[in-house]
$ cat model.txt   # compact mmCIF, C-alpha atoms
# COMPACT_ATOMS: atom_id res chain seq x y z
CA MET A 79 0.00 0.00 0.00
CA THR A 80 1.42 3.39 -0.90
CA ASP A 81 1.58 6.28 1.50
CA PRO A 82 -0.60 9.13 0.16
CA GLN A 83 1.94 11.61 1.53
CA GLN A 84 4.80 10.19 -0.56
CA THR A 85 4.90 8.24 -3.82
CA ALA A 86 7.82 7.12 -5.98
CA ILE A 87 7.57 7.90 -9.68
CA ALA A 88 10.28 6.89 -12.20
CA GLY A 89 13.00 6.85 -9.59
CA GLN A 90 12.16 10.33 -8.31
CA GLN A 91 10.38 10.97 -5.08
CA THR A 92 7.34 13.21 -5.32
CA VAL A 93 5.67 14.42 -2.16
CA THR A 94 2.04 15.43 -2.20
CA ALA A 95 0.84 18.24 0.01
CA ALA A 96 0.24 17.16 3.58
CA GLN A 97 -3.39 17.54 4.59
CA PRO A 98 -3.84 20.10 7.36
CA LEU A 99 -5.40 18.84 10.55
CA ARG A 100 -8.93 19.84 11.44
CA ILE A 101 -8.89 20.82 15.07
CA PRO A 102 -12.33 20.95 16.70
CA THR A 103 -13.51 23.94 18.68
CA GLY A 104 -13.40 23.68 22.45
CA GLN A 105 -17.13 22.97 22.62
CA GLU A 106 -16.93 20.34 19.87
CA LEU A 107 -14.06 18.61 21.64
CA TYR A 108 -15.77 18.74 25.02
CA ASP A 109 -19.04 17.36 23.64
CA MET A 110 -17.22 14.68 21.64
CA LEU A 111 -15.32 13.40 24.67
CA MET A 112 -18.02 13.91 27.30
CA GLY A 113 -20.68 12.40 25.04
CA HIS A 114 -18.95 9.03 25.40
CA ILE A 115 -18.56 9.40 29.17
CA GLU A 116 -21.68 11.12 30.50
CA PRO A 117 -24.10 12.48 27.88
CA GLU A 118 -25.98 14.46 30.54
CA LEU A 119 -22.91 16.70 30.89
CA THR A 120 -22.62 17.68 27.23
CA THR A 121 -23.55 21.26 26.37
CA GLN A 122 -26.95 20.05 25.14
CA GLY A 123 -27.50 17.63 28.02
CA ILE A 124 -26.86 20.25 30.70
CA LYS A 125 -29.79 22.31 29.43
CA ASP A 126 -32.26 19.59 30.45
CA LEU A 127 -30.91 18.73 33.90
CA ASP A 128 -33.10 21.08 35.96
CA GLU A 129 -36.27 19.71 34.41
CA LYS A 130 -35.10 16.10 34.45
CA TYR A 131 -34.12 16.14 38.14
CA LYS A 132 -36.62 18.64 39.58
CA ASN A 133 -38.09 16.00 41.94
CA GLU A 134 -34.76 14.53 42.98
CA THR A 135 -34.17 13.83 46.67
CA PRO A 136 -31.03 15.15 48.41
CA GLN A 137 -29.66 11.60 48.57
CA GLU A 138 -30.22 11.06 44.82
CA ASN A 139 -28.61 14.44 44.17
CA ALA A 140 -25.52 13.43 46.16
CA ILE A 141 -25.22 10.18 44.18
CA ARG A 142 -25.60 12.04 40.90
CA LYS A 143 -22.92 14.55 41.92
CA GLN A 144 -20.54 11.67 42.65
CA ARG A 145 -21.32 10.20 39.22
CA TYR A 146 -20.66 13.58 37.62
CA GLN A 147 -17.36 13.98 39.49
CA LEU A 148 -16.24 10.59 38.19
CA ALA A 149 -17.29 11.67 34.69
CA VAL A 150 -15.27 14.88 34.96
CA ASP A 151 -12.22 12.89 36.09
CA ARG A 152 -12.64 10.49 33.16
CA TYR A 153 -13.10 13.45 30.82
CA GLN A 154 -9.79 14.93 32.01
CA GLN A 155 -8.02 11.65 31.25
CA ALA A 156 -9.66 11.46 27.81
CA TYR A 157 -8.73 15.08 27.12
CA GLU A 158 -5.08 14.48 28.01
CA GLY A 159 -5.02 11.42 25.74
CA TYR A 160 -6.59 13.42 22.93
CA MET A 161 -4.03 16.20 23.31
CA GLN A 162 -1.15 13.70 23.19
CA THR A 163 -2.58 12.21 20.00
CA LEU A 164 -3.12 15.66 18.51
CA ASP A 165 0.46 16.63 19.33
CA ALA A 166 1.74 13.50 17.57
CA GLN A 167 -0.40 14.31 14.52
CA VAL A 168 0.91 17.89 14.45
CA GLN A 169 4.49 16.62 14.59
CA ARG A 170 3.83 14.21 11.70
CA TYR A 171 2.23 17.02 9.69
CA LYS A 172 5.20 19.26 10.42
CA ARG A 173 7.70 16.58 9.30
CA ALA A 174 5.71 15.87 6.13
CA THR A 175 5.45 19.56 5.28
CA PHE A 176 9.14 20.25 5.88
CA GLY A 177 10.04 17.12 3.93
CA GLN A 178 7.97 18.36 1.01
CA VAL A 179 9.66 21.77 1.08
CA GLU A 180 13.11 20.16 1.23
CA ILE A 181 12.39 17.99 -1.81
CA GLU A 182 10.99 20.91 -3.80
CA ASP A 183 14.02 23.03 -2.89
CA ARG A 184 16.42 20.23 -3.86
CA GLU A 185 14.66 19.81 -7.23
CA ARG A 186 14.87 23.56 -7.84
CA GLU A 187 18.59 23.57 -6.98
CA GLU A 188 19.24 20.60 -9.27
CA GLY A 189 17.53 22.44 -12.12
CA THR A 190 19.66 25.52 -11.51
CA LEU A 191 22.84 23.42 -11.42
CA GLN A 192 21.88 21.70 -14.67
CA ASN A 193 21.33 25.10 -16.31
CA LEU A 194 24.74 26.30 -15.08
CA LEU A 195 26.47 23.14 -16.31
CA GLN A 196 24.85 23.51 -19.73
CA ALA A 197 25.89 27.18 -19.87
CA PHE A 198 29.53 26.25 -19.25
CA ALA A 199 29.52 23.29 -21.65
$ encode --input "model.txt" --output "structure tokens"
Amino acid sequence: MTDPQQTAIAGQQTVTAAQPLRIPTGQELYDMLMGHIEPELTTQGIKDLDEKYKNETPQENAIRKQRYQLAVDRYQQAYEGYMQTLDAQVQRYKRATFGQVEIEDREREEGTLQNLLQAFA
């Protein structure tokens, strides 16, 4: 399987443009991560909590708060994992982009050298 970032053609290496990363907004990221952990705590879910739990007893409220605290802790872990993954993706993008620029610069220099050699021949 060929890497879409790099392909070999006739002995020359051609690098295609690296695709920029799409980084979600803070709300999108929060909802994406929290939606898998505790949907009630997403930005949409929070809007319905007062109505949903209006008849809740103090004991039920305490249990729910504990559940939410656990969800927030799990969210923090998921967020840290996401940021580590994002950082790795940014580093790969950076390497691919710099690699592309280096190859293009090298090809340009080779063309200039060929023109100079032909001028002196």
$ atom_distance --input "model.txt" --atom1 "atom CA of Gln105 of chain A" --atom2 "atom CA of Thr121 of chain A"
7.6 Å
$ atom_distance --input "model.txt" --atom1 "atom CA of Glu106 of chain A" --atom2 "atom CA of Leu127 of chain A"
19.9 Å
$ closest_residue --input "model.txt" --among "A:Thr163, A:Asn193, A:Gln147, A:Thr175" --to "Ile115 of chain A" --atoms "only C-alpha atoms"
A:Gln147
$ closest_residue --input "model.txt" --among "A:Gln178, A:Glu116, A:Gln167, A:Lys172" --to "Lys143 of chain A" --atoms "all atoms listed in the file"
A:Glu116
$ closest_residue --input "model.txt" --among "A:Ala166, A:Glu182, A:Thr190, A:Ala149" --to "His114 of chain A" --atoms "all atoms listed in the file"
A:Ala149
$ closest_residue --input "model.txt" --among "A:Lys130, A:Glu187, A:Tyr160, A:Arg145" --to "Tyr108 of chain A" --atoms "only C-alpha atoms"
A:Tyr160
$ atom_distance --input "model.txt" --atom1 "atom CA of Gly177 of chain A" --atom2 "atom CA of Met161 of chain A"
24.0 Å
$ residues_around --input "model.txt" --residues "Pro117 of chain A" --least-positions-apart "4" --cutoff "12 Å" --atoms "only C-alpha atoms" --output "JSON list (two decimals) with C-alpha atoms, in the coordinates of the input"
[["chain", "number", "residue", "atom", "x", "y", "z"],
["A", 108, "TYR", "CA", -15.77, 18.74, 25.02],
["A", 109, "ASP", "CA", -19.04, 17.36, 23.64],
["A", 110, "MET", "CA", -17.22, 14.68, 21.64],
["A", 111, "LEU", "CA", -15.32, 13.40, 24.67],
["A", 112, "MET", "CA", -18.02, 13.91, 27.30],
["A", 113, "GLY", "CA", -20.68, 12.40, 25.04],
["A", 121, "THR", "CA", -23.55, 21.26, 26.37],
["A", 122, "GLN", "CA", -26.95, 20.05, 25.14],
["A", 123, "GLY", "CA", -27.50, 17.63, 28.02],
["A", 124, "ILE", "CA", -26.86, 20.25, 30.70],
["A", 125, "LYS", "CA", -29.79, 22.31, 29.43],
["A", 126, "ASP", "CA", -32.26, 19.59, 30.45],
["A", 127, "LEU", "CA", -30.91, 18.73, 33.90],
["A", 145, "ARG", "CA", -21.32, 10.20, 39.22],
["A", 146, "TYR", "CA", -20.66, 13.58, 37.62],
["A", 149, "ALA", "CA", -17.29, 11.67, 34.69],
["A", 150, "VAL", "CA", -15.27, 14.88, 34.96],
["A", 153, "TYR", "CA", -13.10, 13.45, 30.82]]
$ closest_residue --input "model.txt" --among "A:Leu148, A:Ile101, A:Leu191, A:Ala140" --to "Leu119 of chain A" --atoms "only C-alpha atoms"
A:Leu148
$ axis_aligned_box --input "model.txt" --around "segment 125-141 of chain A" --padding-each-side "5 Å" --output "lines of an AutoDock Vina configuration file"
center_x = -31.7
center_y = 16.2
center_z = 39.0
size_x = 22.9
size_y = 22.1
size_z = 29.1
$ closest_residue --input "model.txt" --among "A:Thr120, A:Ile141, A:Leu164, A:Tyr131" --to "Pro102 of chain A" --atoms "all atoms listed in the file"
A:Leu164
$ decode --input "model.txt" --residues "segment 93-142 of chain A" --atoms "N, CA and C atoms" --output "PDB file, in the first residue's frame"
ATOM      1  N   VAL A  93       6.415  14.332  -3.408  1.00  0.00           N
ATOM      2  CA  VAL A  93       5.667  14.417  -2.162  1.00  0.00           C
ATOM      3  C   VAL A  93       4.419  15.238  -2.421  1.00  0.00           C
ATOM      4  N   THR A  94       3.277  14.682  -2.069  1.00  0.00           N
ATOM      5  CA  THR A  94       2.035  15.427  -2.196  1.00  0.00           C
ATOM      6  C   THR A  94       1.872  16.314  -0.979  1.00  0.00           C
ATOM      7  N   ALA A  95       1.049  17.311  -1.102  1.00  0.00           N
ATOM      8  CA  ALA A  95       0.839  18.237   0.008  1.00  0.00           C
ATOM      9  C   ALA A  95       0.226  17.509   1.199  1.00  0.00           C
ATOM     10  N   ALA A  96       0.783  17.755   2.366  1.00  0.00           N
ATOM     11  CA  ALA A  96       0.238  17.165   3.582  1.00  0.00           C
ATOM     12  C   ALA A  96      -1.107  17.823   3.875  1.00  0.00           C
ATOM     13  N   GLN A  97      -2.058  17.016   4.286  1.00  0.00           N
ATOM     14  CA  GLN A  97      -3.385  17.540   4.590  1.00  0.00           C
ATOM     15  C   GLN A  97      -3.367  18.190   5.968  1.00  0.00           C
ATOM     16  N   PRO A  98      -3.800  19.452   6.048  1.00  0.00           N
ATOM     17  CA  PRO A  98      -3.838  20.101   7.363  1.00  0.00           C
ATOM     18  C   PRO A  98      -4.824  19.403   8.289  1.00  0.00           C
ATOM     19  N   LEU A  99      -4.530  19.449   9.554  1.00  0.00           N
ATOM     20  CA  LEU A  99      -5.402  18.835  10.552  1.00  0.00           C
ATOM     21  C   LEU A  99      -6.622  19.714  10.783  1.00  0.00           C
ATOM     22  N   ARG A 100      -7.755  19.088  11.031  1.00  0.00           N
ATOM     23  CA  ARG A 100      -8.931  19.840  11.435  1.00  0.00           C
ATOM     24  C   ARG A 100      -9.021  19.718  12.942  1.00  0.00           C
ATOM     25  N   ILE A 101      -8.856  20.814  13.612  1.00  0.00           N
ATOM     26  CA  ILE A 101      -8.885  20.816  15.067  1.00  0.00           C
ATOM     27  C   ILE A 101     -10.259  21.321  15.501  1.00  0.00           C
ATOM     28  N   PRO A 102     -10.978  20.534  16.289  1.00  0.00           N
ATOM     29  CA  PRO A 102     -12.325  20.949  16.702  1.00  0.00           C
ATOM     30  C   PRO A 102     -12.282  22.145  17.646  1.00  0.00           C
ATOM     31  N   THR A 103     -13.397  22.850  17.709  1.00  0.00           N
ATOM     32  CA  THR A 103     -13.507  23.937  18.679  1.00  0.00           C
ATOM     33  C   THR A 103     -13.518  23.330  20.079  1.00  0.00           C
ATOM     34  N   GLY A 104     -13.363  24.163  21.076  1.00  0.00           N
ATOM     35  CA  GLY A 104     -13.397  23.677  22.454  1.00  0.00           C
ATOM     36  C   GLY A 104     -14.708  22.987  22.782  1.00  0.00           C
ATOM     37  N   GLN A 105     -15.818  23.565  22.354  1.00  0.00           N
ATOM     38  CA  GLN A 105     -17.129  22.965  22.621  1.00  0.00           C
ATOM     39  C   GLN A 105     -17.281  21.642  21.881  1.00  0.00           C
ATOM     40  N   GLU A 106     -16.846  21.590  20.629  1.00  0.00           N
ATOM     41  CA  GLU A 106     -16.932  20.335  19.874  1.00  0.00           C
ATOM     42  C   GLU A 106     -16.116  19.242  20.545  1.00  0.00           C
ATOM     43  N   LEU A 107     -14.914  19.589  20.973  1.00  0.00           N
ATOM     44  CA  LEU A 107     -14.055  18.610  21.636  1.00  0.00           C
ATOM     45  C   LEU A 107     -14.675  18.145  22.948  1.00  0.00           C
ATOM     46  N   TYR A 108     -15.141  19.092  23.749  1.00  0.00           N
ATOM     47  CA  TYR A 108     -15.767  18.740  25.022  1.00  0.00           C
ATOM     48  C   TYR A 108     -16.958  17.806  24.795  1.00  0.00           C
ATOM     49  N   ASP A 109     -17.853  18.181  23.886  1.00  0.00           N
ATOM     50  CA  ASP A 109     -19.038  17.360  23.636  1.00  0.00           C
ATOM     51  C   ASP A 109     -18.670  15.989  23.072  1.00  0.00           C
ATOM     52  N   MET A 110     -17.652  15.951  22.215  1.00  0.00           N
ATOM     53  CA  MET A 110     -17.222  14.676  21.637  1.00  0.00           C
ATOM     54  C   MET A 110     -16.729  13.736  22.739  1.00  0.00           C
ATOM     55  N   LEU A 111     -15.874  14.249  23.607  1.00  0.00           N
ATOM     56  CA  LEU A 111     -15.319  13.397  24.668  1.00  0.00           C
ATOM     57  C   LEU A 111     -16.356  13.087  25.741  1.00  0.00           C
ATOM     58  N   MET A 112     -17.048  14.109  26.219  1.00  0.00           N
ATOM     59  CA  MET A 112     -18.017  13.907  27.302  1.00  0.00           C
ATOM     60  C   MET A 112     -19.209  13.084  26.829  1.00  0.00           C
ATOM     61  N   GLY A 113     -19.556  13.176  25.570  1.00  0.00           N
ATOM     62  CA  GLY A 113     -20.679  12.398  25.043  1.00  0.00           C
ATOM     63  C   GLY A 113     -20.485  10.898  25.207  1.00  0.00           C
ATOM     64  N   HIS A 114     -19.238  10.453  25.208  1.00  0.00           N
ATOM     65  CA  HIS A 114     -18.949   9.027  25.402  1.00  0.00           C
ATOM     66  C   HIS A 114     -18.886   8.657  26.883  1.00  0.00           C
ATOM     67  N   ILE A 115     -18.733   9.653  27.730  1.00  0.00           N
ATOM     68  CA  ILE A 115     -18.561   9.400  29.165  1.00  0.00           C
ATOM     69  C   ILE A 115     -19.865   9.606  29.922  1.00  0.00           C
ATOM     70  N   GLU A 116     -20.437  10.792  29.789  1.00  0.00           N
ATOM     71  CA  GLU A 116     -21.677  11.124  30.505  1.00  0.00           C
ATOM     72  C   GLU A 116     -22.464  12.116  29.650  1.00  0.00           C
ATOM     73  N   PRO A 117     -23.358  11.610  28.796  1.00  0.00           N
ATOM     74  CA  PRO A 117     -24.105  12.480  27.882  1.00  0.00           C
ATOM     75  C   PRO A 117     -24.877  13.604  28.574  1.00  0.00           C
ATOM     76  N   GLU A 118     -25.262  13.406  29.818  1.00  0.00           N
ATOM     77  CA  GLU A 118     -25.982  14.463  30.539  1.00  0.00           C
ATOM     78  C   GLU A 118     -25.124  15.711  30.735  1.00  0.00           C
ATOM     79  N   LEU A 119     -23.799  15.564  30.652  1.00  0.00           N
ATOM     80  CA  LEU A 119     -22.909  16.700  30.894  1.00  0.00           C
ATOM     81  C   LEU A 119     -22.419  17.371  29.612  1.00  0.00           C
ATOM     82  N   THR A 120     -22.953  16.969  28.467  1.00  0.00           N
ATOM     83  CA  THR A 120     -22.620  17.685  27.234  1.00  0.00           C
ATOM     84  C   THR A 120     -23.317  19.039  27.257  1.00  0.00           C
ATOM     85  N   THR A 121     -22.938  19.924  26.373  1.00  0.00           N
ATOM     86  CA  THR A 121     -23.548  21.258  26.372  1.00  0.00           C
ATOM     87  C   THR A 121     -25.051  21.184  26.124  1.00  0.00           C
ATOM     88  N   GLN A 122     -25.503  20.224  25.355  1.00  0.00           N
ATOM     89  CA  GLN A 122     -26.949  20.049  25.142  1.00  0.00           C
ATOM     90  C   GLN A 122     -27.599  19.382  26.354  1.00  0.00           C
ATOM     91  N   GLY A 123     -26.937  18.378  26.892  1.00  0.00           N
ATOM     92  CA  GLY A 123     -27.496  17.634  28.015  1.00  0.00           C
ATOM     93  C   GLY A 123     -27.687  18.471  29.262  1.00  0.00           C
ATOM     94  N   ILE A 124     -26.791  19.399  29.507  1.00  0.00           N
ATOM     95  CA  ILE A 124     -26.860  20.249  30.702  1.00  0.00           C
ATOM     96  C   ILE A 124     -28.138  21.082  30.708  1.00  0.00           C
ATOM     97  N   LYS A 125     -28.596  21.459  29.535  1.00  0.00           N
ATOM     98  CA  LYS A 125     -29.788  22.311  29.433  1.00  0.00           C
ATOM     99  C   LYS A 125     -31.039  21.649  30.003  1.00  0.00           C
ATOM    100  N   ASP A 126     -31.078  20.325  30.012  1.00  0.00           N
ATOM    101  CA  ASP A 126     -32.265  19.591  30.449  1.00  0.00           C
ATOM    102  C   ASP A 126     -32.198  19.092  31.889  1.00  0.00           C
ATOM    103  N   LEU A 127     -31.093  19.323  32.572  1.00  0.00           N
ATOM    104  CA  LEU A 127     -30.909  18.731  33.896  1.00  0.00           C
ATOM    105  C   LEU A 127     -31.911  19.242  34.930  1.00  0.00           C
ATOM    106  N   ASP A 128     -32.169  20.536  34.950  1.00  0.00           N
ATOM    107  CA  ASP A 128     -33.096  21.076  35.956  1.00  0.00           C
ATOM    108  C   ASP A 128     -34.472  20.421  35.838  1.00  0.00           C
ATOM    109  N   GLU A 129     -34.950  20.306  34.623  1.00  0.00           N
ATOM    110  CA  GLU A 129     -36.275  19.707  34.410  1.00  0.00           C
ATOM    111  C   GLU A 129     -36.250  18.207  34.728  1.00  0.00           C
ATOM    112  N   LYS A 130     -35.198  17.545  34.272  1.00  0.00           N
ATOM    113  CA  LYS A 130     -35.103  16.095  34.454  1.00  0.00           C
ATOM    114  C   LYS A 130     -35.023  15.698  35.933  1.00  0.00           C
ATOM    115  N   TYR A 131     -34.350  16.502  36.741  1.00  0.00           N
ATOM    116  CA  TYR A 131     -34.121  16.138  38.138  1.00  0.00           C
ATOM    117  C   TYR A 131     -34.837  17.067  39.118  1.00  0.00           C
ATOM    118  N   LYS A 132     -35.935  17.684  38.706  1.00  0.00           N
ATOM    119  CA  LYS A 132     -36.623  18.641  39.579  1.00  0.00           C
ATOM    120  C   LYS A 132     -37.216  17.983  40.830  1.00  0.00           C
ATOM    121  N   ASN A 133     -37.515  16.706  40.789  1.00  0.00           N
ATOM    122  CA  ASN A 133     -38.093  16.004  41.943  1.00  0.00           C
ATOM    123  C   ASN A 133     -37.069  15.107  42.641  1.00  0.00           C
ATOM    124  N   GLU A 134     -35.831  15.350  42.429  1.00  0.00           N
ATOM    125  CA  GLU A 134     -34.763  14.526  42.980  1.00  0.00           C
ATOM    126  C   GLU A 134     -34.604  14.769  44.491  1.00  0.00           C
ATOM    127  N   THR A 135     -34.394  13.698  45.229  1.00  0.00           N
ATOM    128  CA  THR A 135     -34.166  13.826  46.671  1.00  0.00           C
ATOM    129  C   THR A 135     -32.708  14.245  46.920  1.00  0.00           C
ATOM    130  N   PRO A 136     -32.419  14.771  48.094  1.00  0.00           N
ATOM    131  CA  PRO A 136     -31.027  15.148  48.409  1.00  0.00           C
ATOM    132  C   PRO A 136     -30.060  13.964  48.295  1.00  0.00           C
ATOM    133  N   GLN A 137     -30.514  12.785  48.668  1.00  0.00           N
ATOM    134  CA  GLN A 137     -29.655  11.596  48.567  1.00  0.00           C
ATOM    135  C   GLN A 137     -29.387  11.268  47.095  1.00  0.00           C
ATOM    136  N   GLU A 138     -30.399  11.315  46.253  1.00  0.00           N
ATOM    137  CA  GLU A 138     -30.225  11.063  44.819  1.00  0.00           C
ATOM    138  C   GLU A 138     -29.304  12.121  44.200  1.00  0.00           C
ATOM    139  N   ASN A 139     -29.457  13.357  44.660  1.00  0.00           N
ATOM    140  CA  ASN A 139     -28.615  14.439  44.166  1.00  0.00           C
ATOM    141  C   ASN A 139     -27.152  14.191  44.519  1.00  0.00           C
ATOM    142  N   ALA A 140     -26.892  13.718  45.729  1.00  0.00           N
ATOM    143  CA  ALA A 140     -25.523  13.431  46.156  1.00  0.00           C
ATOM    144  C   ALA A 140     -24.910  12.309  45.310  1.00  0.00           C
ATOM    145  N   ILE A 141     -25.699  11.292  45.011  1.00  0.00           N
ATOM    146  CA  ILE A 141     -25.222  10.177  44.182  1.00  0.00           C
ATOM    147  C   ILE A 141     -24.914  10.668  42.771  1.00  0.00           C
ATOM    148  N   ARG A 142     -25.797  11.507  42.250  1.00  0.00           N
ATOM    149  CA  ARG A 142     -25.600  12.038  40.896  1.00  0.00           C
ATOM    150  C   ARG A 142     -24.347  12.910  40.848  1.00  0.00           C
TER     151      ARG A 142
END
